[in-house]
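A.B. asks: Sending over upload_26.txt (compact mmCIF, C-alpha atoms).
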# COMPACT_ATOMS: atom_id res chain seq x y z
CA ARG A 1 -17.05 37.93 -12.09
CA HIS A 2 -19.82 35.66 -10.91
CA LEU A 3 -18.62 32.04 -11.29
CA SER A 4 -20.68 28.91 -11.71
CA ARG A 5 -18.76 25.97 -13.17
CA THR A 6 -18.46 22.21 -13.13
CA CYS A 7 -14.91 21.17 -12.29
CA PRO A 8 -14.02 17.71 -13.73
CA HIS A 9 -11.47 17.10 -10.97
CA LEU A 10 -13.33 18.15 -7.84
CA GLY A 11 -16.96 17.83 -8.83
CA ARG A 12 -19.73 20.41 -8.90
CA PHE A 13 -19.99 23.51 -6.77
CA GLU A 14 -22.15 26.60 -6.71
CA ALA A 15 -20.67 30.09 -6.67
CA SER A 16 -21.65 32.53 -3.99
CA SER A 17 -21.09 36.19 -3.25
CA GLU A 18 -17.72 35.32 -1.64
CA ARG A 19 -15.46 34.23 -4.48
CA ARG A 20 -11.94 32.89 -4.82
CA PRO A 21 -9.74 32.70 -7.91
CA LEU A 22 -9.35 29.47 -9.85
CA CYS A 23 -6.30 27.29 -9.28
CA TYR A 24 -4.95 25.93 -12.56
CA ASP A 25 -3.19 22.63 -11.98
CA ARG A 26 -0.75 22.13 -14.86
CA ARG A 27 0.19 18.64 -13.68
CA LEU A 28 -3.36 17.35 -14.02
CA ASN A 29 -4.38 19.84 -16.71
CA LYS A 30 -7.66 20.48 -14.91
CA LEU A 31 -9.35 23.44 -13.27
CA CYS A 32 -9.80 23.13 -9.52
CA ALA A 33 -12.45 25.54 -8.26
CA LEU A 34 -11.73 26.54 -4.65
CA GLN A 35 -14.39 28.48 -2.81
CA ALA A 36 -14.87 29.52 0.83
CA GLY A 37 -17.74 27.80 2.57
CA ARG A 38 -17.76 24.83 0.14
CA PHE A 39 -14.64 22.93 1.23
CA SER A 40 -16.52 20.16 3.02
CA ASN A 41 -17.50 18.78 -0.38
CA VAL A 42 -14.09 18.86 -2.00
CA THR A 43 -11.34 18.40 0.60
CA GLY A 44 -11.57 14.63 0.29
CA ARG A 45 -10.45 14.83 -3.32
CA LEU A 46 -7.99 17.63 -2.62
CA SER A 47 -6.12 15.23 -0.34
CA ARG A 48 -5.02 13.22 -3.38
CA LEU A 49 -3.08 16.18 -4.79
CA ARG A 50 0.70 15.93 -4.71
CA MET A 51 2.83 18.34 -2.72
CA PRO A 52 3.33 20.94 -5.51
CA ASP A 53 -0.44 21.04 -5.95
CA ARG A 54 -0.91 21.58 -2.21
CA LEU A 55 1.47 24.52 -2.34
CA CYS A 56 -0.58 25.92 -5.20
CA ALA A 57 -3.72 25.50 -3.09
CA ARG A 58 -1.96 27.30 -0.23
CA ARG A 59 -1.24 30.26 -2.51
CA VAL A 60 -4.83 30.37 -3.74
CA LEU A 61 -6.40 30.11 -0.31
CA GLY A 62 -4.06 32.64 1.22
CA GLY A 63 -3.15 32.75 4.89
CA GLY A 64 -5.27 32.52 7.99
CA GLY A 65 -7.39 29.93 9.74
CA LEU A 66 -9.33 28.98 6.59
CA MET A 67 -6.16 27.88 4.82
CA GLU A 68 -4.86 25.97 7.84
CA SER A 69 -8.13 24.12 8.41
CA VAL A 70 -8.35 23.03 4.77
CA LEU A 71 -4.71 21.94 4.51
CA ASP A 72 -4.97 20.04 7.79
CA ARG A 73 -7.85 18.08 6.31
CA MET A 74 -5.76 17.46 3.21
CA THR A 75 -3.13 15.52 5.19
CA ARG A 76 -3.36 12.01 3.83
CA VAL A 77 -3.73 8.88 5.92
CA VAL A 78 -2.21 5.49 5.17
CA LEU A 79 -3.01 2.22 6.94
CA ILE A 80 -0.24 -0.39 6.84
CA THR A 81 -0.74 -3.98 7.96
CA GLY A 82 2.19 -6.05 9.17
CA ALA A 83 3.99 -2.89 10.32
CA SER A 84 5.93 -4.37 13.24
CA SER A 85 9.00 -5.29 11.17
CA GLY A 86 10.51 -5.51 7.71
CA VAL A 87 8.86 -3.70 4.81
CA GLY A 88 5.83 -2.65 6.86
CA ARG A 89 7.92 -0.96 9.54
CA ALA A 90 10.16 0.77 7.01
CA ALA A 91 7.11 1.96 5.06
CA ALA A 92 5.52 3.40 8.21
CA LEU A 93 8.68 5.41 8.89
CA ALA A 94 8.98 6.54 5.26
CA PHE A 95 5.38 7.74 5.04
CA ALA A 96 5.58 9.51 8.40
CA ALA A 97 8.79 11.24 7.29
CA ARG A 98 6.92 12.50 4.21
CA GLY A 99 4.22 14.04 6.37
CA TRP A 100 1.56 11.35 6.09
CA ASN A 101 -0.48 10.28 9.09
CA VAL A 102 0.20 6.57 9.53
CA VAL A 103 -1.95 3.83 11.04
CA ALA A 104 0.38 0.92 11.78
CA THR A 105 -1.17 -2.46 12.58
CA ALA A 106 0.47 -5.71 13.64
CA ARG A 107 0.09 -8.50 16.16
CA ARG A 108 3.27 -7.76 18.13
CA ALA A 109 2.44 -4.85 20.43
CA ASP A 110 6.01 -4.56 21.73
CA LYS A 111 7.32 -3.94 18.21
CA LEU A 112 4.63 -1.32 17.65
CA LEU A 113 5.82 0.54 20.76
CA GLU A 114 9.33 0.57 19.30
CA LEU A 115 7.89 1.93 16.05
CA GLU A 116 6.16 4.73 17.94
CA ASP A 117 9.50 5.76 19.44
CA ALA A 118 11.15 5.63 16.01
CA VAL A 119 8.50 7.91 14.47
CA ALA A 120 8.75 10.33 17.38
CA ALA A 121 12.51 10.55 16.76
CA LEU A 122 12.06 11.56 13.09
CA PRO A 123 13.09 15.12 12.16
CA GLU A 124 10.25 17.61 12.35
CA PRO A 125 7.88 18.06 10.69
CA HIS A 126 6.56 14.52 10.33
CA GLY A 127 3.22 12.79 10.32
CA GLU A 128 1.48 11.25 13.31
CA LEU A 129 1.43 7.54 14.08
CA LEU A 130 -1.47 5.51 15.41
CA ALA A 131 -0.27 2.03 16.41
CA LEU A 132 -2.91 -0.70 16.73
CA ALA A 133 -2.54 -4.34 17.73
CA VAL A 134 -4.56 -6.07 14.99
CA ASP A 135 -4.62 -9.65 13.73
CA VAL A 136 -5.60 -9.48 10.05
CA ARG A 137 -6.94 -13.04 10.25
CA ASP A 138 -9.85 -11.73 12.34
CA ALA A 139 -12.28 -9.56 10.35
CA SER A 140 -13.70 -7.89 13.46
CA PHE A 141 -10.22 -6.76 14.53
CA VAL A 142 -9.53 -5.28 11.10
CA HIS A 143 -12.84 -3.40 10.95
CA SER A 144 -12.22 -2.04 14.44
CA GLY A 145 -8.77 -0.89 13.35
CA VAL A 146 -10.16 1.02 10.36
CA ALA A 147 -12.83 2.58 12.58
CA ALA A 148 -10.14 3.71 15.03
CA ALA A 149 -8.12 5.19 12.17
CA VAL A 150 -11.08 7.21 10.88
CA ALA A 151 -11.99 8.31 14.41
CA ARG A 152 -8.43 9.58 14.96
CA PHE A 153 -7.66 11.19 11.61
CA GLY A 154 -11.08 11.68 10.04
CA ARG A 155 -10.33 9.80 6.82
CA LEU A 156 -8.47 6.94 5.15
CA ASP A 157 -6.71 7.42 1.82
CA VAL A 158 -4.38 4.46 1.28
CA LEU A 159 -4.29 0.84 2.43
CA ILE A 160 -1.05 -1.13 2.18
CA ALA A 161 -1.96 -4.80 2.68
CA ASN A 162 1.51 -5.96 3.64
CA ALA A 163 0.93 -8.56 6.36
CA GLY A 164 2.00 -12.01 5.24
CA ILE A 165 4.04 -15.07 6.14
CA GLY A 166 6.02 -17.63 4.17
CA GLN A 167 5.97 -21.40 4.18
CA ARG A 168 8.24 -24.04 2.69
CA GLY A 169 7.63 -27.75 2.33
CA SER A 170 5.96 -30.26 0.08
CA ILE A 171 2.24 -29.93 -0.51
CA VAL A 172 1.56 -33.46 0.73
CA ASP A 173 3.85 -33.63 3.76
CA SER A 174 3.56 -30.10 5.20
CA GLU A 175 1.67 -29.74 8.44
CA TRP A 176 -1.90 -28.64 7.84
CA GLU A 177 -1.64 -26.15 10.72
CA HIS A 178 1.12 -24.34 8.83
CA LEU A 179 -0.79 -24.32 5.56
CA GLU A 180 -3.92 -23.04 7.26
CA GLN A 181 -2.00 -20.25 8.99
CA LEU A 182 -0.44 -19.26 5.67
CA LEU A 183 -3.75 -19.14 3.83
CA ARG A 184 -5.59 -17.31 6.60
CA THR A 185 -2.90 -14.64 6.80
CA ASN A 186 -2.02 -14.18 3.13
CA ILE A 187 -5.52 -14.60 1.70
CA ASP A 188 -8.09 -13.97 4.45
CA GLY A 189 -5.97 -11.13 5.82
CA VAL A 190 -5.93 -9.32 2.47
CA LEU A 191 -9.67 -9.78 1.98
CA HIS A 192 -10.49 -8.55 5.49
CA SER A 193 -8.24 -5.52 5.05
CA VAL A 194 -9.70 -4.54 1.68
CA ARG A 195 -13.31 -5.08 2.77
CA ALA A 196 -12.77 -2.93 5.86
CA ALA A 197 -10.78 -0.12 4.21
CA VAL A 198 -12.68 0.49 0.96
CA PRO A 199 -15.92 1.78 2.56
CA ALA A 200 -13.88 4.34 4.50
CA MET A 201 -12.13 5.43 1.29
CA ARG A 202 -15.46 5.88 -0.44
CA VAL A 203 -16.51 8.27 2.31
CA SER A 204 -13.21 10.13 1.86
CA GLY A 205 -13.90 10.57 -1.85
CA GLY A 206 -11.48 7.94 -3.20
CA GLY A 207 -8.14 6.42 -2.38
CA GLN A 208 -5.75 3.62 -3.20
CA VAL A 209 -5.27 -0.03 -2.29
CA ILE A 210 -1.68 -1.28 -2.47
CA LEU A 211 -1.42 -5.07 -2.32
CA ILE A 212 1.97 -6.60 -1.57
CA SER A 213 2.34 -9.63 -3.81
CA SER A 214 5.54 -11.33 -4.99
CA VAL A 215 7.54 -12.21 -8.09
CA VAL A 216 6.68 -15.84 -7.30
CA ALA A 217 2.97 -15.15 -7.91
CA ASN A 218 3.21 -16.66 -11.41
CA MET A 219 6.07 -19.04 -10.66
CA THR A 220 6.14 -22.81 -10.75
CA ALA A 221 7.54 -23.18 -7.25
CA PRO A 222 7.92 -26.73 -5.91
CA TYR A 223 8.29 -26.81 -2.12
CA ALA A 224 6.99 -23.22 -2.01
CA ALA A 225 3.78 -23.84 -3.92
CA SER A 226 1.42 -22.83 -1.13
CA TYR A 227 3.11 -19.48 -0.65
CA SER A 228 3.28 -18.93 -4.41
CA ALA A 229 -0.42 -19.75 -4.76
CA SER A 230 -1.33 -17.31 -1.99
CA LYS A 231 0.49 -14.52 -3.84
CA ALA A 232 -1.14 -15.53 -7.12
CA PHE A 233 -4.43 -14.97 -5.34
CA VAL A 234 -3.33 -11.49 -4.26
CA SER A 235 -2.32 -10.48 -7.80
CA SER A 236 -5.52 -11.90 -9.26
CA ILE A 237 -7.61 -10.00 -6.72
CA ALA A 238 -5.70 -6.81 -7.59
CA ARG A 239 -6.58 -7.06 -11.28
CA SER A 240 -10.28 -7.61 -10.66
CA LEU A 241 -10.55 -5.18 -7.77
CA ARG A 242 -9.04 -2.43 -9.94
CA LEU A 243 -12.01 -2.60 -12.30
CA GLU A 244 -14.57 -2.94 -9.51
CA LEU A 245 -13.32 0.15 -7.64
CA GLU A 246 -12.59 2.35 -10.64
CA PRO A 247 -16.02 4.09 -10.45
CA ASP A 248 -15.27 4.99 -6.81
CA GLY A 249 -12.01 6.74 -7.67
CA ILE A 250 -10.01 4.06 -5.83
CA ALA A 251 -6.82 2.89 -7.54
CA VAL A 252 -5.34 -0.58 -6.99
CA THR A 253 -1.60 -1.24 -7.19
CA ASP A 254 -0.17 -4.76 -7.37
CA VAL A 255 3.39 -4.80 -5.96
CA LEU A 256 5.42 -7.78 -7.18
CA LEU A 257 8.13 -7.80 -4.55
CA GLY A 258 11.45 -9.58 -5.00
CA ARG A 259 13.76 -10.88 -2.29
CA THR A 260 14.16 -8.34 0.49
CA ASP A 261 16.42 -8.24 3.53
CA THR A 262 13.88 -8.93 6.31
CA GLU A 263 13.18 -11.55 8.95
CA PHE A 264 10.77 -13.20 6.49
CA ASN A 265 12.93 -16.30 5.96
CA ASP A 266 13.58 -16.66 9.69
CA LYS A 267 9.84 -16.52 10.45
CA ARG A 268 8.86 -18.81 7.58
CA LEU A 269 6.72 -21.80 8.49
CA GLY A 270 7.71 -25.35 7.62
CA GLN A 271 11.23 -26.32 6.67
CA ALA A 272 13.93 -23.96 7.87
CA GLY A 273 17.37 -23.36 6.44
CA ARG A 274 18.65 -23.06 2.89
CA SER A 275 19.72 -25.59 0.32
CA VAL A 276 23.48 -25.59 -0.18
CA SER A 277 22.89 -25.76 -3.95
CA ALA A 278 20.47 -22.83 -3.95
CA PRO A 279 21.48 -20.03 -6.32
CA ARG A 280 22.24 -16.70 -4.70
CA ILE A 281 19.68 -14.00 -5.45
CA PRO A 282 20.33 -10.25 -5.02
CA VAL A 283 18.55 -8.77 -2.03
CA MET A 284 16.87 -5.38 -1.63
CA SER A 285 16.92 -3.27 1.52
CA VAL A 286 13.65 -2.48 3.28
CA ASP A 287 14.35 1.25 2.95
CA PHE A 288 14.60 0.89 -0.83
CA VAL A 289 11.22 -0.86 -0.89
CA ALA A 290 9.64 1.68 1.49
CA LYS A 291 10.65 4.63 -0.70
CA ALA A 292 9.16 2.85 -3.70
CA LEU A 293 5.87 2.41 -1.84
CA VAL A 294 5.73 6.12 -1.04
CA ARG A 295 6.25 6.89 -4.74
CA ALA A 296 3.55 4.36 -5.61
CA ALA A 297 1.11 6.16 -3.31
CA GLU A 298 1.89 9.42 -5.10
CA ARG A 299 1.86 8.08 -8.68
CA ARG A 300 -0.68 5.24 -8.34
CA PRO A 301 0.70 2.72 -10.88
CA LYS A 302 -1.31 -0.40 -11.68
CA THR A 303 1.65 -2.75 -11.19
CA LEU A 304 4.98 -2.14 -9.49
CA VAL A 305 8.10 -4.24 -9.96
CA LEU A 306 11.12 -2.60 -8.34
CA ARG A 307 14.14 -4.05 -10.16
CA TRP A 308 14.98 -5.23 -13.66
CA PHE A 309 16.13 -8.50 -12.11
CA ASP A 310 12.64 -9.03 -10.71
CA ARG A 311 11.08 -8.14 -14.06
CA LEU A 312 13.20 -10.82 -15.68
CA ILE A 313 11.94 -13.35 -13.13
CA VAL A 314 8.30 -12.45 -13.82
CA TRP A 315 8.83 -12.70 -17.59
CA ALA A 316 10.73 -15.98 -17.28
CA ASN A 317 7.96 -17.42 -15.08
CA ALA A 318 5.55 -16.85 -17.96
CA LEU A 319 7.81 -17.76 -20.89
CA ILE A 320 9.83 -20.73 -19.58
CA PRO A 321 7.92 -22.05 -16.54
CA GLY A 322 9.51 -25.51 -16.68
CA PHE A 323 13.06 -24.17 -16.55
CA ILE A 324 12.17 -21.77 -13.74
CA GLY A 325 10.45 -24.58 -11.87
CA ARG A 326 13.65 -26.63 -11.96
CA ARG A 327 15.63 -23.65 -10.68
CA ALA A 328 13.07 -23.12 -7.93
CA LEU A 329 13.39 -26.79 -6.97
CA ARG A 330 17.08 -26.21 -6.26
CA GLN A 331 16.17 -23.06 -4.35
CA TYR A 332 13.51 -24.44 -2.03
CA LYS A 333 14.16 -28.16 -1.60
CA LEU A 334 16.56 -28.95 1.22
CA ASP A 335 19.37 -31.39 0.47
Produce structure tokens that represent the structure in this file.

C.D. replies:
Amino acid sequence: RHLSRTCPHLGRFEASSERRPLCYDRRLNKLCALQAGRFSNVTGRLSRLRMPDRLCARRVLGGGGLMESVLDRMTRVVLITGASSGVGRAAALAFAARGWNVVATARRADKLLELEDAVAALPEPHGELLALAVDVRDASFVHSGVAAAVARFGRLDVLIANAGIGQRGSIVDSEWEHLEQLLRTNIDGVLHSVRAAVPAMRVSGGGQVILISSVVANMTAPYAASYSASKAFVSSIARSLRLELEPDGIAVTDVLLGRTDTEFNDKRLGQAGRSVSAPRIPVMSVDFVAKALVRAAERRPKTLVLRWFDRLIVWANALIPGFIGRRALRQYKLD
């Protein structure tokens, strides 16, 4: 039967003499019209389908070179900043293991080489890795990194703005160099990453921005106020950016991360060490966080808090800020 429809999920297409059956996606409850010779207009949005939907597309398209070319273009691409260690490195490995093509950026080139070896050692099949030495504090570096990602893989679907550093010390007595480095990395770095990645996502037909914030974003945090304020900025940007990018089909996820077992504390600027009276807080593994980020890229939640303990912290920050501030004082002020 001659078909001419408007598909709410993939946009408009015109039927031709060569016709393909319709693929009914129960998960999305929408009709996806797939037609030979018209895939250049729809593969960008097809890439956002989950794996069961891709298998359905494979059955509809049948075998042969046409199917392979379309599914190759459906392979999604994620760009992760701060991928040399910790959560960023674990996320790069987790996404690659799931078949994503990964663009890993960081300042430490030697760590990126180690990451390349780790991805190559993953069980087949796995995604490809493009490792780029990028300083997120420099807008030109970030834009060049996104351009290299698109040149290599042809698209960009997800940005994980993970690069960040910590700082501890009083607002008045901390070295300005440390405060400036914190703000340029945690604030400027996020802005540069978003401003570089979003135009590429628009060309790809949509995507997702995942911003790594913290449970201290709404916390009264003496002696960690600068870091807390930088994460409050990230969460605030996420809420506004979500509405700004909604017409473009770009989702924004705000990840409120709790304490994780990384080198974050060792690399923190300002005062080192830990107060002997500091309460002990349960710690997550980087692999646990990385798996959660992969799920977030598949489900696209607005906000992600990984543990009930962290949810309690966020709620307590809002409901009893004075009490939490006193607890944070014991946590961050050295004896």

A.B. asks: Give me, as a PDB file with C-alpha atoms, in the coordinates of the input, all polymer residues having an atom no more than 8 Å from Gly322 in chain A, counting all atoms listed in the file and skipping those fewer than 3 positions away in the same chain.

C.D. replies:
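Final output, result17.pdb:
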ATOM      1  CA  THR A 220       6.140 -22.810 -10.750  1.00  0.00           C
ATOM      2  CA  GLY A 325      10.450 -24.580 -11.870  1.00  0.00           C
ATOM      3  CA  ARG A 326      13.650 -26.630 -11.960  1.00  0.00           C
TER       4      ARG A 326
END

A.B. asks: Skip Arg107 in chain A itself and residues of its chain fewer than 6 positions away, then list as a list in words all residues within 10 Å of it, counting all atoms listed in the file.

C.D. replies: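 After dropping sequence-adjacent residues, the list is Thr81, Gly82, Ala83, Ser84, Leu132, Ala133, Val134, Asp135, Val136 and Ala163 of chain A.
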
A.B. asks: Mind working out the centre and edge lengths of an axis-aligned box for range 248-259 of chain A, all listed atoms inside, 6 Å added to each side, rounded to one decimal in Å and written as lines of an AutoDock Vina configuration file?

C.D. replies:
center_x = -0.8
center_y = -2.1
center_z = -5.0
size_x = 41.0
size_y = 29.6
size_z = 17.4

A.B. asks: Give the answer as one residue: which of A:Ser226, A:Asn101, A:Asn218, A:Gln208 has the shortest atom-to-atom distance to Arg184 in chain A, using only C-alpha atoms?

C.D. replies: A:Ser226

A.B. asks: Looking at only C-alpha atoms, which of A:Asn162, A:Ser85, A:Thr260, A:Ser285 is the one that sits closest to Ser213 in chain A?

C.D. replies: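 Looking at the shortest contact to Ser213 in chain A, the residue is A:Asn162.
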
A.B. asks: Hey, what's within 12 Å of Arg152 in chain A if we count all atoms listed in the file and toss same-chain stuff fewer than 3 positions away? As an mmCIF file with C-alpha atoms, in the frame of the given file, please?

C.D. replies:
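File part_9.cif, as written:
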data_model
loop_
_atom_site.group_PDB
_atom_site.id
_atom_site.type_symbol
_atom_site.label_atom_id
_atom_site.label_comp_id
_atom_site.auth_asym_id
_atom_site.auth_seq_id
_atom_site.Cartn_x
_atom_site.Cartn_y
_atom_site.Cartn_z
ATOM 1 C CA VAL A 77 -3.730 8.880 5.920
ATOM 2 C CA ASN A 101 -0.480 10.280 9.090
ATOM 3 C CA VAL A 102 0.200 6.570 9.530
ATOM 4 C CA VAL A 103 -1.950 3.830 11.040
ATOM 5 C CA GLU A 128 1.480 11.250 13.310
ATOM 6 C CA LEU A 129 1.430 7.540 14.080
ATOM 7 C CA LEU A 130 -1.470 5.510 15.410
ATOM 8 C CA ALA A 131 -0.270 2.030 16.410
ATOM 9 C CA LEU A 132 -2.910 -0.700 16.730
ATOM 10 C CA GLY A 145 -8.770 -0.890 13.350
ATOM 11 C CA VAL A 146 -10.160 1.020 10.360
ATOM 12 C CA ALA A 147 -12.830 2.580 12.580
ATOM 13 C CA ALA A 148 -10.140 3.710 15.030
ATOM 14 C CA ALA A 149 -8.120 5.190 12.170
ATOM 15 C CA ARG A 155 -10.330 9.800 6.820
ATOM 16 C CA LEU A 156 -8.470 6.940 5.150
#

A.B. asks: What is the distance, in Å and to one decimal place, between CA of Arg108 in chain A and CA of Ala238 in chain A?

C.D. replies: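 Between these atoms lies a distance of 27.3 Å.
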
A.B. asks: Quick one: residues within 12 Å of range 235-237 of chain A, all atoms listed in the file, excluding same-chain residues fewer than 5 positions away - as a ChimeraX atom specification?

C.D. replies: /A:161,186-188,190-191,194,209-218,228-230,242-245,252-257,302-304

A.B. asks: How many Å lie between CA of Ile320 in chain A and CA of Val289 in chain A, rounded to one decimal?

C.D. replies: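 We find that CA of Ile320 in chain A and CA of Val289 in chain A lie 27.3 Å from each other.
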
A.B. asks: Considering all atoms listed in the file, can you say which of A:Gly189, A:Gly270, A:Gly249, A:Gly258 comes closest to Glu177 in chain A?

C.D. replies: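 The answer is A:Gly270, which sits nearest to Glu177 in chain A.
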
A.B. asks: By how many Å are CA of Ala91 in chain A and CA of Lys291 in chain A apart?

C.D. replies: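 Calculated distance between CA of Ala91 in chain A and CA of Lys291 in chain A is 7.3 Å.
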